[in-house]
>>> print(open('coords.cif').read())   # mmCIF, C-alpha atoms
data_coords
loop_
_atom_site.label_atom_id
_atom_site.label_comp_id
_atom_site.auth_asym_id
_atom_site.auth_seq_id
_atom_site.Cartn_x
_atom_site.Cartn_y
_atom_site.Cartn_z
CA MET A 86 -22.03 -32.73 -65.77
CA THR A 87 -20.79 -31.45 -69.13
CA ILE A 88 -17.67 -32.70 -70.89
CA GLY A 89 -15.97 -29.38 -70.14
CA GLN A 90 -16.70 -29.81 -66.43
CA GLN A 91 -15.50 -33.43 -66.48
CA ILE A 92 -12.13 -32.57 -68.00
CA LYS A 93 -11.87 -29.23 -66.14
CA TRP A 94 -11.61 -27.25 -69.40
CA ASP A 95 -10.41 -23.66 -68.86
CA PHE A 96 -12.83 -21.74 -71.10
CA LYS A 97 -11.34 -18.35 -70.22
CA THR A 98 -7.89 -19.46 -71.41
CA ASN A 99 -8.79 -21.93 -74.18
CA GLY A 100 -12.12 -20.61 -75.44
CA SER A 101 -14.94 -22.94 -76.41
CA LEU A 102 -14.44 -26.70 -76.29
CA GLU A 103 -14.85 -28.31 -79.71
CA ILE A 104 -14.50 -32.01 -80.50
CA LYS A 105 -14.34 -33.33 -84.07
CA ASP A 106 -14.48 -36.88 -85.43
CA THR A 107 -11.78 -38.44 -87.62
CA ASN A 108 -13.43 -36.92 -90.72
CA GLY A 109 -13.20 -33.40 -89.32
CA TYR A 110 -16.91 -33.09 -88.52
CA ARG A 111 -17.81 -31.35 -85.29
CA ILE A 112 -19.45 -33.81 -82.91
CA TYR A 113 -19.48 -31.62 -79.78
CA ILE A 114 -19.16 -27.97 -78.85
CA GLU A 115 -19.43 -26.36 -75.46
CA LEU A 116 -19.31 -22.69 -74.50
CA LEU A 117 -18.25 -20.90 -71.32
CA SER A 118 -21.94 -20.40 -70.47
CA GLY A 119 -22.38 -24.19 -70.21
CA PHE A 120 -24.39 -24.36 -73.43
CA TRP A 121 -23.47 -27.41 -75.52
CA GLU A 122 -24.46 -29.14 -78.75
CA LYS A 123 -23.65 -32.66 -79.90
CA TYR A 124 -23.99 -34.23 -83.34
CA GLU A 125 -23.97 -37.69 -84.93
CA ARG A 126 -23.37 -38.39 -88.62
CA ASN A 127 -23.77 -41.44 -90.84
CA SER A 128 -20.95 -42.97 -92.90
CA GLN A 129 -21.69 -40.50 -95.75
CA GLY A 130 -21.24 -37.52 -93.42
CA ASN A 131 -24.95 -36.65 -93.24
CA LEU A 132 -26.23 -35.32 -89.92
CA ILE A 133 -28.47 -37.99 -88.39
CA TYR A 134 -28.92 -36.61 -84.86
CA GLY A 135 -28.37 -33.33 -83.07
CA GLU A 136 -29.03 -32.32 -79.50
CA LYS A 137 -28.64 -29.12 -77.47
CA SER A 138 -28.32 -28.51 -73.75
CA THR A 139 -31.66 -26.69 -73.95
CA GLY A 140 -33.34 -30.07 -74.45
CA TYR A 141 -33.96 -29.63 -78.17
CA TRP A 142 -33.09 -32.61 -80.40
CA ALA A 143 -33.60 -33.53 -84.05
CA ARG A 144 -33.26 -36.77 -85.99
CA TYR A 145 -32.73 -37.16 -89.75
CA GLU A 146 -32.79 -40.01 -92.28
CA TYR A 147 -31.48 -40.05 -95.86
CA ASP A 148 -31.96 -42.19 -98.95
CA SER A 149 -29.09 -43.90 -100.79
CA GLN A 150 -28.45 -40.71 -102.82
CA GLY A 151 -28.06 -38.61 -99.67
CA ASN A 152 -31.43 -36.85 -99.94
CA GLN A 153 -33.12 -36.15 -96.62
CA ILE A 154 -36.28 -38.26 -96.45
CA TYR A 155 -37.21 -37.95 -92.76
CA PHE A 156 -37.02 -35.30 -90.05
CA GLU A 157 -38.33 -35.36 -86.51
CA ASP A 158 -37.62 -33.03 -83.59
CA SER A 159 -38.43 -32.55 -79.93
CA ASN A 160 -41.06 -29.92 -80.79
CA GLY A 161 -43.14 -32.66 -82.42
CA ARG A 162 -42.43 -31.61 -86.00
CA ILE A 163 -42.24 -34.57 -88.39
CA GLU A 164 -41.54 -34.52 -92.13
CA ASP A 165 -41.79 -38.04 -93.51
CA ASN A 166 -40.93 -38.48 -97.17
CA ARG A 167 -39.75 -42.08 -96.86
CA PRO A 168 -40.98 -44.40 -99.61
CA LYS A 169 -44.21 -46.13 -98.65
CA SER A 170 -44.79 -49.77 -99.42
CA CYS A 171 -47.87 -50.69 -101.44
CA GLU A 172 -47.84 -54.26 -100.14
CA GLY A 173 -51.14 -55.22 -98.53
CA LYS A 174 -53.07 -52.34 -100.08
CA ILE A 175 -56.38 -53.12 -101.77
CA VAL A 176 -57.04 -51.85 -105.29
CA GLU A 177 -60.18 -52.15 -107.33
CA ILE A 178 -60.00 -52.85 -111.06
CA GLY A 179 -63.12 -53.40 -113.12
CA GLY A 180 -65.22 -53.89 -110.01
CA GLU A 181 -62.92 -56.57 -108.58
CA LYS A 182 -60.74 -56.03 -105.51
CA PHE A 183 -57.12 -57.16 -105.45
CA LYS A 184 -54.61 -57.19 -102.60
CA LEU A 185 -51.11 -56.07 -103.62
CA VAL A 186 -48.25 -58.42 -102.86
CA LYS A 187 -44.56 -57.63 -103.31
CA VAL A 188 -42.89 -59.97 -105.82
#
>>> encode(input="coords.cif", output="structure tokens")
Amino acid sequence: MTIGQQIKWDFKTNGSLEIKDTNGYRIYIELLSGFWEKYERNSQGNLIYGEKSTGYWARYEYDSQGNQIYFEDSNGRIEDNRPKSCEGKIVEIGGEKFKLVKV
């Protein structure tokens, strides 16, 4: 059951149902057709999750400067630009192998 159905929203009179958070960001929208979308944002206002009534969803991650560093969706698409740790990797210098350790 959608939010509109739960609260018995009159779409013909009121139009689409839109819910915003305290920062004014849309977190839910529902149309007369029953189609809906919901959104979640982090404390900086960046979209971190979105979902549609069609079953599609997407998840996002950001670095401390607000740059998107990760994306994943229900279609299996993944873009991972998160920093990778070098700890535990083996490097060879002058014929000798060394294991990297974070200090």
>>> closest_residue(input="coords.cif", among="A:Glu136, A:Glu172, A:Asp148, A:Asp95", to="A:Ile114", atoms="only C-alpha atoms")
A:Glu136
>>> atom_distance(input="coords.cif", atom1="atom CA of A:Ala143", atom2="atom CA of A:Ser159")
6.4 Å
>>> axis_aligned_box(input="coords.cif", around="stretch 110-114 of chain A", padding_each_side="3 Å", output="lines of an AutoDock Vina configuration file")
center_x = -18.2
center_y = -30.9
center_z = -83.7
size_x = 8.6
size_y = 11.8
size_z = 15.7
>>> closest_atom_pairs(input="coords.cif", of="stretch 122-146 of chain A", to="stretch 100-111 of chain A", cutoff="12 Å", atoms="only C-alpha atoms", output="tab-separated table")
residue	atom	partner	partner_atom	distance
A:Glu122	CA	A:Arg111	CA	9.6
A:Lys123	CA	A:Arg111	CA	8.1
A:Tyr124	CA	A:Arg111	CA	7.1
A:Glu125	CA	A:Arg111	CA	8.8
A:Arg126	CA	A:Tyr110	CA	8.4
A:Asn127	CA	A:Tyr110	CA	11.1
A:Ser128	CA	A:Asn108	CA	9.9
A:Gln129	CA	A:Asn108	CA	10.3
A:Gly130	CA	A:Tyr110	CA	7.9
A:Asn131	CA	A:Tyr110	CA	10.0
A:Leu132	CA	A:Tyr110	CA	9.7
A:Gly135	CA	A:Arg111	CA	11.0
>>> write_last_selection(input="coords.cif", atoms="C-alpha atoms", output="PDB file, in the coordinates of the input")
ATOM      1  CA  GLU A 122     -24.460 -29.140 -78.750  1.00  0.00           C
ATOM      2  CA  LYS A 123     -23.650 -32.660 -79.900  1.00  0.00           C
ATOM      3  CA  TYR A 124     -23.990 -34.230 -83.340  1.00  0.00           C
ATOM      4  CA  GLU A 125     -23.970 -37.690 -84.930  1.00  0.00           C
ATOM      5  CA  ARG A 126     -23.370 -38.390 -88.620  1.00  0.00           C
ATOM      6  CA  ASN A 127     -23.770 -41.440 -90.840  1.00  0.00           C
ATOM      7  CA  SER A 128     -20.950 -42.970 -92.900  1.00  0.00           C
ATOM      8  CA  GLN A 129     -21.690 -40.500 -95.750  1.00  0.00           C
ATOM      9  CA  GLY A 130     -21.240 -37.520 -93.420  1.00  0.00           C
ATOM     10  CA  ASN A 131     -24.950 -36.650 -93.240  1.00  0.00           C
ATOM     11  CA  LEU A 132     -26.230 -35.320 -89.920  1.00  0.00           C
ATOM     12  CA  GLY A 135     -28.370 -33.330 -83.070  1.00  0.00           C
TER      13      GLY A 135
END
>>> resolve_selection(input="coords.cif", expression="the PyMOL selection byres ((chain A and resi 158) around 9)", output="compact mmCIF listing (two decimals) with C-alpha atoms, keeping the file's coordinate frame")
# COMPACT_ATOMS: atom_id res chain seq x y z
CA TYR A 141 -33.96 -29.63 -78.17
CA TRP A 142 -33.09 -32.61 -80.40
CA ALA A 143 -33.60 -33.53 -84.05
CA ARG A 144 -33.26 -36.77 -85.99
CA TYR A 145 -32.73 -37.16 -89.75
CA PHE A 156 -37.02 -35.30 -90.05
CA GLU A 157 -38.33 -35.36 -86.51
CA SER A 159 -38.43 -32.55 -79.93
CA ASN A 160 -41.06 -29.92 -80.79
CA GLY A 161 -43.14 -32.66 -82.42
CA ARG A 162 -42.43 -31.61 -86.00
CA ILE A 163 -42.24 -34.57 -88.39
>>> atom_distance(input="coords.cif", atom1="atom CA of A:Lys184", atom2="atom CA of A:Asp165")
24.8 Å
>>> atom_distance(input="coords.cif", atom1="atom CA of A:Gly151", atom2="atom CA of A:Ile112")
19.4 Å
>>> resolve_selection(input="coords.cif", expression="the PyMOL selection byres ((chain A and resi 86) around 12)", output="ChimeraX atom specification")
/A:87-93,115,119-121,138
>>> write_last_selection(input="coords.cif", atoms="C-alpha atoms", output="short mmCIF file (atom, residue, chain, number, x, y, z; two decimals), in the frame of the given file")
data_model
loop_
_atom_site.label_atom_id
_atom_site.label_comp_id
_atom_site.auth_asym_id
_atom_site.auth_seq_id
_atom_site.Cartn_x
_atom_site.Cartn_y
_atom_site.Cartn_z
CA THR A 87 -20.79 -31.45 -69.13
CA ILE A 88 -17.67 -32.70 -70.89
CA GLY A 89 -15.97 -29.38 -70.14
CA GLN A 90 -16.70 -29.81 -66.43
CA GLN A 91 -15.50 -33.43 -66.48
CA ILE A 92 -12.13 -32.57 -68.00
CA LYS A 93 -11.87 -29.23 -66.14
CA GLU A 115 -19.43 -26.36 -75.46
CA GLY A 119 -22.38 -24.19 -70.21
CA PHE A 120 -24.39 -24.36 -73.43
CA TRP A 121 -23.47 -27.41 -75.52
CA SER A 138 -28.32 -28.51 -73.75
#
>>> resolve_selection(input="coords.cif", expression="the PyMOL selection byres ((chain A and resi 185) around 9)", output="PyMOL selection string")
chain A and resi 171-176+183-184+186-187
>>> closest_residue(input="coords.cif", among="A:Ser149, A:Thr98, A:Thr139, A:Ser118", to="A:Arg167", atoms="all atoms listed in the file")
A:Ser149
